[in-house]
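The file data36.csv comes next; it holds CSV, C-alpha atoms.
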```csv
chain,number,residue,atom,x,y,z
U,1,MET,CA,36.8,-27.3,-3.8
U,2,PRO,CA,34.4,-27.1,-6.8
U,3,LEU,CA,32.1,-29.5,-4.9
U,4,ALA,CA,32.1,-27.3,-1.8
U,5,CYS,CA,31.4,-24.2,-3.9
U,6,GLY,CA,28.5,-26.0,-5.6
U,7,TRP,CA,27.1,-27.1,-2.3
U,8,CYS,CA,27.3,-23.5,-1.0
U,9,LEU,CA,25.5,-22.2,-4.1
U,10,TRP,CA,22.8,-24.8,-3.7
U,11,LEU,CA,22.4,-23.8,0.0
U,12,ALA,CA,22.2,-20.1,-0.9
U,13,ILE,CA,19.5,-20.8,-3.5
U,14,VAL,CA,17.4,-22.9,-1.0
U,15,LEU,CA,17.7,-20.2,1.6
U,16,ALA,CA,16.7,-17.5,-0.9
U,17,ASP,CA,13.6,-19.5,-1.9
U,18,ASP,CA,12.7,-20.1,1.7
U,19,LEU,CA,12.8,-16.3,2.3
U,20,ALA,CA,10.9,-15.5,-0.9
U,21,ALA,CA,8.1,-18.1,-0.3
U,22,PRO,CA,6.2,-16.0,2.4
U,23,ALA,CA,6.7,-12.9,0.3
U,24,GLU,CA,5.2,-14.7,-2.8
U,25,ARG,CA,2.2,-15.8,-0.7
U,26,LEU,CA,1.7,-12.2,0.5
U,27,ALA,CA,2.0,-10.9,-3.0
U,28,LEU,CA,-0.6,-13.3,-4.3
U,29,ALA,CA,-3.0,-12.7,-1.4
U,30,ARG,CA,-2.8,-9.0,-1.9
U,31,ALA,CA,-3.4,-9.4,-5.7
U,32,HIS,CA,-6.5,-11.5,-5.0
U,33,THR,CA,-7.8,-9.1,-2.5
U,34,ALA,CA,-7.4,-6.2,-5.0
U,35,LEU,CA,-8.9,-8.3,-7.8
U,36,VAL,CA,-12.1,-8.9,-5.7
U,37,GLU,CA,-12.4,-5.2,-5.0
U,38,VAL,CA,-11.9,-4.1,-8.6
U,39,VAL,CA,-14.3,-6.7,-10.0
U,40,LEU,CA,-17.0,-5.9,-7.4
U,41,ALA,CA,-16.8,-2.2,-8.4
U,42,LEU,CA,-17.3,-2.9,-12.1
U,43,PRO,CA,-20.5,-1.5,-13.5
U,44,ILE,CA,-23.3,-3.7,-15.0
U,45,ASP,CA,-25.0,-2.2,-18.0
U,46,GLY,CA,-23.4,1.1,-17.1
U,47,ARG,CA,-25.5,1.4,-13.9
U,48,GLU,CA,-25.2,-0.6,-10.7
U,49,SER,CA,-22.0,-2.3,-9.7
U,50,LEU,CA,-21.4,-6.0,-9.3
U,51,ARG,CA,-21.3,-5.5,-5.6
U,52,HIS,CA,-25.0,-4.5,-5.6
U,53,TRP,CA,-25.9,-7.5,-7.8
U,54,ALA,CA,-24.0,-9.9,-5.5
U,55,ALA,CA,-25.5,-8.4,-2.3
U,56,ASP,CA,-28.9,-9.7,-3.3
U,57,ASP,CA,-27.9,-13.3,-3.0
U,58,TRP,CA,-25.1,-14.6,-0.8
U,59,SER,CA,-24.8,-17.8,-3.0
U,60,ARG,CA,-23.9,-15.5,-6.0
U,61,GLU,CA,-21.4,-13.5,-4.0
U,62,ALA,CA,-19.8,-16.6,-2.6
U,63,ALA,CA,-19.5,-18.2,-6.0
U,64,LEU,CA,-18.0,-15.0,-7.5
U,65,ARG,CA,-15.5,-14.5,-4.7
U,66,ALA,CA,-14.5,-18.2,-4.8
U,67,TRP,CA,-14.0,-18.0,-8.6
U,68,LEU,CA,-11.8,-14.9,-8.3
U,69,TRP,CA,-9.7,-16.3,-5.5
U,70,GLN,CA,-9.0,-19.4,-7.6
U,71,ARG,CA,-7.5,-17.3,-10.4
U,72,PRO,CA,-3.8,-18.4,-10.8
U,73,ARG,CA,-0.9,-16.1,-11.1
U,74,PHE,CA,-0.6,-14.6,-14.6
U,75,GLY,CA,2.8,-13.9,-16.1
U,76,PRO,CA,6.2,-14.0,-14.5
U,77,LEU,CA,6.7,-13.7,-10.7
U,78,ARG,CA,9.1,-10.8,-10.3
U,79,ARG,CA,11.8,-10.7,-7.6
U,80,PHE,CA,13.8,-7.6,-7.0
U,81,SER,CA,17.1,-6.9,-5.2
U,82,THR,CA,15.1,-4.8,-2.7
U,83,GLY,CA,13.5,-8.0,-1.4
U,84,GLU,CA,10.2,-7.2,-3.0
U,85,VAL,CA,8.2,-9.8,-4.9
U,86,ALA,CA,5.5,-8.8,-7.3
U,87,ALA,CA,2.7,-11.0,-8.8
U,88,ASP,CA,-0.1,-10.3,-11.3
U,89,LEU,CA,-3.6,-11.6,-11.7
U,90,ARG,CA,-5.6,-11.2,-14.9
U,91,VAL,CA,-9.3,-12.0,-15.6
U,92,ASP,CA,-10.8,-11.7,-19.1
U,93,VAL,CA,-14.1,-9.8,-18.9
U,94,SER,CA,-15.6,-12.4,-21.3
U,95,ASP,CA,-14.8,-15.2,-18.8
U,96,LEU,CA,-16.3,-13.1,-16.0
U,97,THR,CA,-19.5,-12.5,-18.0
U,98,GLY,CA,-19.8,-16.2,-18.7
U,99,LEU,CA,-19.6,-16.9,-14.9
U,100,LEU,CA,-22.3,-14.3,-14.1
U,101,SER,CA,-24.6,-15.7,-16.8
U,102,ALA,CA,-24.2,-19.2,-15.3
U,103,LEU,CA,-25.1,-17.9,-11.9
U,104,GLN,CA,-28.1,-16.0,-13.2
U,105,PRO,CA,-29.2,-17.6,-16.5
U,106,ASP,CA,-32.2,-15.4,-17.0
U,107,ALA,CA,-30.2,-12.2,-17.0
U,108,ARG,CA,-28.0,-10.6,-19.7
U,109,PHE,CA,-24.8,-9.0,-18.5
U,110,VAL,CA,-22.7,-6.2,-20.0
U,111,VAL,CA,-19.8,-5.8,-17.6
U,112,GLY,CA,-17.0,-3.3,-17.9
U,113,ALA,CA,-17.9,-2.5,-21.5
U,114,ASP,CA,-14.8,-0.3,-21.8
U,115,ARG,CA,-12.2,-3.0,-21.0
U,116,GLN,CA,-11.2,-6.5,-22.2
U,117,ALA,CA,-9.5,-7.6,-18.9
U,118,VAL,CA,-9.0,-6.8,-15.3
U,119,TRP,CA,-5.4,-6.7,-14.0
U,120,THR,CA,-4.2,-6.4,-10.4
U,121,THR,CA,-0.7,-6.6,-8.9
U,122,GLY,CA,0.2,-7.7,-5.4
U,123,ARG,CA,3.5,-7.2,-3.6
U,124,GLY,CA,5.3,-8.8,-0.7
U,125,ASN,CA,8.7,-8.4,0.8
U,126,VAL,CA,11.1,-10.9,2.4
U,127,THR,CA,11.3,-8.7,5.5
U,128,GLU,CA,7.6,-9.3,6.2
U,129,THR,CA,6.4,-12.2,8.4
U,130,LEU,CA,3.2,-14.2,7.8
U,131,PRO,CA,0.4,-14.0,10.4
U,132,PRO,CA,-0.8,-17.4,11.8
U,133,HIS,CA,-3.7,-17.5,9.4
U,134,PRO,CA,-4.9,-20.2,6.9
U,135,PRO,CA,-3.8,-19.9,3.3
U,136,GLY,CA,-5.5,-17.0,1.5
U,137,TRP,CA,-5.4,-14.9,4.6
U,138,GLU,CA,-1.7,-14.0,4.6
U,139,ASN,CA,-2.3,-10.2,4.0
U,140,VAL,CA,-4.8,-9.8,6.8
U,141,ALA,CA,-3.4,-8.4,10.0
U,142,PRO,CA,-4.5,-10.1,13.3
U,143,ALA,CA,-6.2,-6.9,14.4
U,144,ASP,CA,-8.2,-6.7,11.2
U,145,LEU,CA,-9.2,-10.3,11.4
U,146,ALA,CA,-10.4,-9.7,15.0
U,147,LEU,CA,-12.5,-6.8,13.8
U,148,ALA,CA,-14.1,-9.0,11.0
U,149,ARG,CA,-14.9,-11.7,13.6
U,150,GLN,CA,-16.6,-9.1,15.8
U,151,ALA,CA,-18.6,-7.6,12.9
U,152,ALA,CA,-19.8,-11.0,11.7
U,153,THR,CA,-20.8,-12.1,15.2
U,154,ALA,CA,-22.6,-8.9,15.9
U,155,ALA,CA,-24.5,-9.1,12.6
U,156,ALA,CA,-25.4,-12.8,13.4
U,157,TRP,CA,-26.9,-11.8,16.7
U,158,GLU,CA,-28.9,-9.0,15.1
U,159,ARG,CA,-30.3,-11.6,12.7
U,160,VAL,CA,-31.3,-13.8,15.6
U,161,LEU,CA,-33.3,-10.9,17.1
U,162,THR,CA,-34.9,-10.1,13.8
U,163,ARG,CA,-36.0,-13.7,13.3
U,164,ALA,CA,-37.4,-13.7,16.8
U,165,GLU,CA,-39.7,-10.8,16.2
U,166,THR,CA,-42.5,-13.0,14.8
U,167,LEU,CA,-42.5,-15.4,17.9
U,168,ALA,CA,-45.6,-15.1,20.1
U,169,TYR,CA,-45.3,-15.1,23.9
U,170,GLN,CA,-49.0,-14.7,24.4
U,171,PRO,CA,-52.0,-15.3,22.1
U,172,GLY,CA,-52.0,-12.5,19.6
U,173,MET,CA,-48.9,-10.9,21.0
U,174,THR,CA,-45.5,-11.3,19.4
U,175,LEU,CA,-42.1,-10.0,20.3
U,176,ARG,CA,-42.2,-7.4,17.5
U,177,ALA,CA,-43.3,-4.6,19.8
U,178,ALA,CA,-40.5,-5.3,22.3
U,179,LEU,CA,-37.8,-5.9,19.8
U,180,THR,CA,-38.5,-2.8,17.8
U,181,ASP,CA,-38.1,-0.7,20.9
U,182,PRO,CA,-34.5,0.6,20.5
U,183,ALA,CA,-33.8,0.7,24.3
U,184,PHE,CA,-35.1,-2.8,24.8
U,185,ARG,CA,-33.4,-4.3,21.8
U,186,ALA,CA,-30.0,-2.7,22.7
U,187,ALA,CA,-30.3,-4.1,26.3
U,188,LEU,CA,-31.3,-7.5,25.0
U,189,ARG,CA,-28.5,-7.4,22.5
U,190,ARG,CA,-26.0,-7.2,25.4
U,191,HIS,CA,-27.6,-10.2,27.2
U,192,VAL,CA,-28.0,-12.8,24.5
U,193,PRO,CA,-24.2,-13.3,23.7
U,194,THR,CA,-23.6,-14.0,27.4
U,195,LEU,CA,-26.2,-16.8,27.4
U,196,GLY,CA,-25.9,-18.2,23.8
U,197,SER,CA,-22.9,-19.1,21.7
U,198,ALA,CA,-21.3,-18.0,18.5
U,199,GLU,CA,-18.7,-19.6,16.3
U,200,THR,CA,-16.7,-18.1,13.4
U,201,GLU,CA,-15.2,-19.7,10.3
U,202,LEU,CA,-12.7,-18.3,7.9
U,203,LEU,CA,-13.9,-19.0,4.3
U,204,ASP,CA,-11.4,-19.5,1.5
U,205,CYS,CA,-12.6,-16.2,-0.2
U,206,GLN,CA,-11.4,-14.1,2.7
U,207,VAL,CA,-14.8,-13.8,4.3
U,208,VAL,CA,-15.6,-14.5,8.0
U,209,ALA,CA,-18.8,-16.4,8.6
U,210,ALA,CA,-20.3,-16.3,12.1
U,211,THR,CA,-23.1,-18.4,13.4
U,212,ALA,CA,-24.9,-17.3,16.6
U,213,SER,CA,-27.2,-19.7,18.5
U,214,ILE,CA,-29.2,-19.6,21.6
U,215,SER,CA,-31.7,-22.1,23.1
U,216,PRO,CA,-35.4,-21.1,23.7
U,217,ALA,CA,-34.9,-21.3,27.4
U,218,GLN,CA,-31.8,-19.1,27.3
U,219,PHE,CA,-33.5,-16.6,25.1
U,220,VAL,CA,-36.5,-16.4,27.4
U,221,GLN,CA,-34.0,-15.9,30.3
U,222,ALA,CA,-32.4,-13.0,28.4
U,223,LEU,CA,-35.8,-11.5,27.7
U,224,GLN,CA,-36.9,-11.7,31.3
U,225,GLN,CA,-33.6,-10.1,32.5
U,226,THR,CA,-33.9,-7.3,30.0
U,227,GLU,CA,-37.5,-6.6,30.9
U,228,GLN,CA,-36.7,-6.5,34.6
U,229,ALA,CA,-33.7,-4.2,34.0
U,230,ILE,CA,-35.5,-1.5,32.0
U,231,SER,CA,-39.2,-1.8,32.7
U,232,LYS,CA,-40.7,1.0,34.8
U,233,ASP,CA,-44.2,-0.5,34.9
U,234,ALA,CA,-45.4,-4.0,35.4
U,235,PRO,CA,-42.9,-6.2,33.6
U,236,ARG,CA,-44.0,-8.3,30.8
U,237,ASP,CA,-43.8,-12.1,31.2
U,238,PHE,CA,-42.2,-13.8,28.2
U,239,ARG,CA,-42.2,-17.3,29.6
U,240,GLY,CA,-45.2,-18.2,27.4
U,241,LEU,CA,-42.8,-18.2,24.5
U,242,LEU,CA,-41.6,-21.7,25.6
U,243,LEU,CA,-45.1,-23.0,24.8
U,244,ALA,CA,-45.4,-21.4,21.4
U,245,ARG,CA,-45.0,-23.4,18.2
U,246,GLY,CA,-41.7,-23.2,16.3
U,247,VAL,CA,-39.5,-22.5,19.3
U,248,GLN,CA,-38.5,-26.0,20.3
U,249,ARG,CA,-35.3,-25.6,18.4
U,250,ALA,CA,-32.5,-23.1,19.0
U,251,LEU,CA,-32.7,-19.7,17.5
U,252,GLN,CA,-29.9,-19.5,15.1
U,253,ALA,CA,-28.6,-17.2,12.3
U,254,THR,CA,-25.4,-16.7,10.2
U,255,ALA,CA,-23.8,-13.5,9.0
U,256,ARG,CA,-20.7,-12.7,7.2
U,257,ALA,CA,-18.1,-9.9,7.2
U,258,THR,CA,-14.9,-9.0,5.3
U,259,PRO,CA,-11.8,-7.7,7.1
U,260,PRO,CA,-11.0,-4.0,6.9
U,261,ARG,CA,-7.8,-2.8,5.5
U,262,THR,CA,-6.3,-0.8,8.3
U,263,THR,CA,-2.8,-2.3,7.9
U,264,ALA,CA,-1.2,-1.4,4.6
U,265,ALA,CA,1.8,-3.2,3.0
U,266,PRO,CA,5.1,-1.6,3.7
U,267,ASP,CA,6.2,1.0,1.2
U,268,SER,CA,9.7,2.4,1.3
U,269,ALA,CA,8.7,5.1,-1.2
U,270,ALA,CA,5.7,6.4,0.7
U,271,SER,CA,7.6,9.1,2.7
U,272,ALA,CA,9.6,10.4,-0.3
U,273,PRO,CA,8.3,13.1,-2.6
U,274,ALA,CA,7.6,11.4,-5.9
U,275,PRO,CA,8.1,12.9,-9.4
U,276,ALA,CA,5.0,13.5,-11.5
U,277,TRP,CA,5.7,10.5,-13.7
U,278,ALA,CA,5.5,8.1,-10.8
U,279,GLY,CA,1.7,8.2,-11.0
U,280,ARG,CA,1.6,7.5,-14.7
U,281,VAL,CA,1.7,4.6,-17.1
U,282,LEU,CA,4.0,4.1,-20.1
U,283,ARG,CA,2.3,2.5,-23.0
U,284,VAL,CA,4.0,1.0,-26.1
U,285,ALA,CA,2.2,-0.4,-29.1
U,286,VAL,CA,4.0,-3.4,-30.5
U,287,GLU,CA,3.4,-5.9,-33.3
U,288,VAL,CA,4.8,-9.4,-33.8
U,289,PRO,CA,4.3,-12.0,-36.6
U,290,ASP,CA,1.5,-14.4,-35.8
U,291,GLN,CA,2.7,-18.0,-35.1
U,292,PRO,CA,-0.4,-20.2,-34.7
U,293,GLU,CA,1.6,-23.2,-33.7
U,294,VAL,CA,3.2,-21.2,-30.9
U,295,PHE,CA,0.5,-18.7,-29.9
U,296,ARG,CA,-2.0,-21.2,-28.8
U,297,ARG,CA,-2.4,-19.5,-25.4
U,298,PRO,CA,-2.7,-15.8,-24.6
U,299,GLU,CA,0.2,-16.1,-22.2
U,300,ARG,CA,2.6,-16.9,-25.1
U,301,ILE,CA,1.3,-14.1,-27.2
U,302,MET,CA,1.8,-11.6,-24.4
U,303,ALA,CA,5.3,-12.9,-23.7
U,304,ALA,CA,6.3,-12.2,-27.3
U,305,LEU,CA,4.8,-8.8,-27.2
U,306,ARG,CA,6.6,-8.0,-24.0
U,307,VAL,CA,9.9,-9.0,-25.5
U,308,ALA,CA,9.2,-6.8,-28.5
U,309,ALA,CA,8.4,-3.8,-26.2
U,310,ASP,CA,11.4,-4.4,-23.9
U,311,PRO,CA,14.0,-2.2,-25.6
U,312,VAL,CA,11.6,0.7,-26.2
U,313,LEU,CA,10.3,0.7,-22.6
U,314,MET,CA,13.8,0.5,-21.3
U,315,GLU,CA,14.9,3.5,-23.4
U,316,LYS,CA,11.9,5.5,-22.2
U,317,VAL,CA,12.5,4.6,-18.5
U,318,GLN,CA,16.1,5.7,-18.8
U,319,ARG,CA,14.9,9.1,-19.9
U,320,LEU,CA,12.7,9.7,-16.9
U,321,GLY,CA,13.9,12.7,-14.9
U,322,LEU,CA,14.8,12.6,-11.2
U,323,PRO,CA,13.5,15.1,-8.6
U,324,GLY,CA,17.0,16.3,-7.8
U,325,GLY,CA,18.1,16.6,-11.4
U,326,GLY,CA,19.5,14.1,-13.8
U,327,SER,CA,17.7,11.0,-15.2
U,328,VAL,CA,17.4,7.3,-14.5
U,329,ALA,CA,20.1,6.8,-17.1
U,330,ASP,CA,22.6,8.6,-14.8
U,331,LEU,CA,21.8,6.0,-12.1
U,332,LEU,CA,22.4,3.1,-14.4
U,333,ALA,CA,26.1,3.9,-15.0
U,334,ASP,CA,28.0,1.0,-13.4
U,335,ASN,CA,24.8,-0.1,-11.6
U,336,ASP,CA,24.0,-3.6,-12.7
U,337,THR,CA,21.7,-4.2,-9.8
U,338,LEU,CA,19.3,-1.4,-10.8
U,339,ARG,CA,19.5,-2.4,-14.4
U,340,ALA,CA,18.5,-6.0,-13.6
U,341,ASP,CA,15.6,-4.7,-11.4
U,342,LEU,CA,14.3,-2.5,-14.2
U,343,ARG,CA,14.6,-5.4,-16.6
U,344,THR,CA,12.6,-7.6,-14.2
U,345,CYS,CA,10.0,-4.8,-13.8
U,346,ILE,CA,9.6,-4.4,-17.6
U,347,SER,CA,9.2,-8.1,-18.0
U,348,GLY,CA,5.9,-7.8,-16.1
U,349,GLY,CA,4.4,-5.2,-18.4
U,350,ARG,CA,0.6,-5.5,-18.8
U,351,VAL,CA,-0.5,-6.4,-22.3
U,352,ARG,CA,-3.9,-5.0,-23.4
U,353,ASP,CA,-5.9,-4.6,-26.6
U,354,LEU,CA,-4.8,-7.7,-28.3
U,355,ALA,CA,-5.8,-7.8,-32.0
U,356,GLN,CA,-5.0,-9.8,-35.1
U,357,ILE,CA,-4.4,-8.0,-38.3
U,358,THR,CA,-3.8,-9.3,-41.9
U,359,ARG,CA,-1.8,-7.4,-44.5
U,360,ALA,CA,-2.0,-8.2,-48.2
U,361,GLY,CA,1.4,-9.2,-49.6
U,362,ASP,CA,3.1,-7.2,-52.5
U,363,ALA,CA,4.0,-8.5,-55.9
U,364,GLY,CA,7.4,-9.7,-54.7
U,365,ASP,CA,5.7,-12.0,-52.2
U,366,ALA,CA,3.4,-13.5,-54.9
U,367,GLY,CA,0.5,-11.7,-53.3
U,368,GLU,CA,0.6,-13.8,-50.1
U,369,SER,CA,-0.9,-12.1,-47.0
U,370,ALA,CA,0.8,-11.8,-43.6
U,371,THR,CA,-0.9,-12.1,-40.3
U,372,SER,CA,0.4,-10.2,-37.2
U,373,VAL,CA,-0.6,-9.8,-33.5
U,374,THR,CA,-0.7,-6.3,-32.0
U,375,GLY,CA,-1.1,-5.1,-28.5
U,376,ASN,CA,-0.3,-2.3,-26.1
U,377,VAL,CA,2.3,-3.1,-23.4
U,378,GLU,CA,1.8,-0.9,-20.3
U,379,LEU,CA,4.4,-0.3,-17.5
U,380,VAL,CA,3.1,1.1,-14.2
U,381,LEU,CA,5.8,3.7,-13.3
U,382,ASP,CA,5.0,3.6,-9.6
U,383,THR,CA,7.0,0.4,-9.4
U,384,VAL,CA,9.8,1.9,-11.4
U,385,TRP,CA,10.0,4.8,-8.8
U,386,ARG,CA,10.2,2.4,-5.9
U,387,LEU,CA,13.1,0.6,-7.5
U,388,VAL,CA,14.9,3.9,-8.5
U,389,LEU,CA,14.4,5.7,-5.2
U,390,PRO,CA,17.1,3.9,-3.0
U,391,HIS,CA,19.7,4.5,-5.7
U,392,ALA,CA,18.6,8.1,-6.3
U,393,ARG,CA,19.1,8.8,-2.5
U,394,GLN,CA,22.6,7.6,-2.7
U,395,ALA,CA,23.6,9.2,-6.0
U,396,THR,CA,25.1,12.7,-6.3
U,397,THR,CA,22.9,15.2,-8.1
U,398,ARG,CA,23.7,15.6,-11.7
U,399,PRO,CA,22.3,17.9,-14.4
U,400,ALA,CA,19.3,16.6,-16.2
U,401,THR,CA,20.1,15.1,-19.5
U,402,THR,CA,16.6,14.8,-20.9
U,403,GLN,CA,13.1,15.7,-20.0
U,404,PRO,CA,10.7,13.1,-18.4
U,405,ALA,CA,9.3,10.8,-21.0
U,406,ALA,CA,6.0,9.9,-19.4
U,407,THR,CA,3.9,12.6,-21.1
U,408,SER,CA,1.1,12.3,-23.5
U,409,GLN,CA,2.9,12.9,-26.8
U,410,PRO,CA,1.7,11.8,-30.2
U,411,ALA,CA,2.7,8.3,-31.2
U,412,GLU,CA,5.9,7.9,-33.1
U,413,THR,CA,7.3,5.0,-35.1
U,414,ARG,CA,10.7,3.6,-34.2
U,415,SER,CA,12.1,0.5,-35.8
U,416,GLY,CA,8.6,-0.7,-36.7
U,417,VAL,CA,7.3,-0.1,-33.1
U,418,ALA,CA,4.7,2.6,-32.3
U,419,VAL,CA,5.5,4.4,-29.1
U,420,ASP,CA,2.9,6.4,-27.2
```

The structure given in the file should be rewritten as structure tokens.
Amino acid sequence: MPLACGWCLWLAIVLADDLAAPAERLALARAHTALVEVVLALPIDGRESLRHWAADDWSREAALRAWLWQRPRFGPLRRFSTGEVAADLRVDVSDLTGLLSALQPDARFVVGADRQAVWTTGRGNVTETLPPHPPGWENVAPADLALARQAATAAAWERVLTRAETLAYQPGMTLRAALTDPAFRAALRRHVPTLGSAETELLDCQVVAATASISPAQFVQALQQTEQAISKDAPRDFRGLLLARGVQRALQATARATPPRTTAAPDSAASAPAPAWAGRVLRVAVEVPDQPEVFRRPERIMAALRVAADPVLMEKVQRLGLPGGGSVADLLADNDTLRADLRTCISGGRVRDLAQITRAGDAGDAGESATSVTGNVELVLDTVWRLVLPHARQATTRPATTQPAATSQPAETRSGVAVD
């Protein structure tokens, strides 16, 4: 009997992991997509954004995107009873600045001067199914991918026409005059895809690359058909283009596009009126003794700070008020599931503003100094609201016990922990 029970438990764990794996991939893909958008929007020297800097050179943008997509998950993967999975990514601004300097050594970069790191969170749910895309494209809907392919292909054909403007079809006469005529160009643009070919490729950094190609003979055929279709006077003869230099090879160009975000991740809380605190962040300042032999990596330091902040954050979360009256504490009575979810949520608090401080010892300590590590642990309350909402819908309305805690009150000190 014990053996059978053990086998059933093992099977349940395997099945749960199989269900969670697609959700984890979706969560990481969404976190990476958000990371790219946030980083590209960062200002450089307080002026233009990284997006403008990267747009000047595709090799820069490709290297930046690839580097961001290679960032591993930071901190614990959080699984909730709702079937939701959450994953974080974190990039130190100093590391980002080092990458930019390597890509453009002759420039000096001041990126996001008001922050030390960039954080993003991605979420997936076990109820979601993965589209038939390569790894890294899990959060792109098939319709959005189709739009990206179309946009990249259209841009590639436009580049083909732009490159063809300098070609001469008669001595001293190039295609510029014809191809800068909007009506002619639009008509030609409809012909070339039917005669040429285009291929698309999905890059690892969630970019679609399209390469359009057409042979000189096919291009001349498209020019002749277009001229005959729209010319009201004596049609021009473009066949001399085949004798010109530089047109022995196919006309070819590559363009790129990113998928739009027309399909959002499912959000069970989207239709419910949220309390004001759902759009805020709880911030707790904590301090732990420095342990150089343990704190060799930032992840370990942050884990210790999260543990220190856990009881204070949990207390403040319980004091959050509910729209119908009462507080989160009322929902936690005999509700181990919600309590476990909130613990999981708090375990993923974002740690910012790390600093090391040294305090001189008193006479009783023989004057020895003590070194500590401090930081702010932040909890995004939007996640808390999504976890609380299903239980709030089921609970009976109770009188409010306390006022919402997510307000900007002066910091107080409690058990050696400063609370904002």

Separation of CA of Val93 in chain U from CA of Pro43 in chain U in Å: 11.8 Å

Two-atom distance - CA of Gly240 in chain U, CA of Ala187 in chain U (Å):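 For CA of Gly240 in chain U relative to CA of Ala187 in chain U, the distance reads 20.5 Å.
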
Distance criterion (all atoms listed in the file): nearest to Thr358 in chain U out of U:Pro289, U:Leu175, U:Ala303, U:Thr121: U:Pro289

Point (-32.2, -17.0, 22.3), cut-off 10 Å, counting only C-alpha atoms, residues as a list in words: Trp157, Val160, Leu161, Ala164, Leu188, His191, Val192, Pro193, Leu195, Gly196, Ser197, Ala212, Ser213, Ile214, Ser215, Pro216, Ala217, Gln218, Phe219, Val220, Gln221, Ala222, Leu223, Val247, Arg249, Ala250, Leu251 and Gln252 of chain U

Spatial neighbours of Arg65 in chain U, 12 Å, all atoms listed in the file, chain gap at least 6 places, as a list in words: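 Near Arg65 in chain U, the qualifying residues are His32, Thr33, Ala34, Leu35, Val36, Glu37, Val38, Val39, Leu40, Leu50, Arg51, Ala54, Ala55, Trp58, Ser59, Arg71, Leu96, Leu99, Leu100, Leu203, Asp204, Cys205, Gln206, Val207 and Thr258 of chain U.
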
Residues within 10 Å of (1.7, -15.2, -40.0), counting only C-alpha atoms, listed as number ranges by chain: U: 288-292, 356-359, 369-373

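Across the model, the gap from CA of Arg163 in chain U to CA of Gln225 in chain U is 19.7 Å.
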
Long-range neighbours of Pro22 in chain U as a ChimeraX atom specification, 10 Å cut-off, only C-alpha atoms, 4 positions minimum in chain: /U:17-18,26-28,85,124-130,138

Residue among U:Ala253, U:Leu68, U:Ala309, U:Leu389 lying closest to Arg159 in chain U, counting all atoms listed in the file: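 Among U:Ala253, U:Leu68, U:Ala309, U:Leu389, it is U:Ala253 that comes nearest to Arg159 in chain U.
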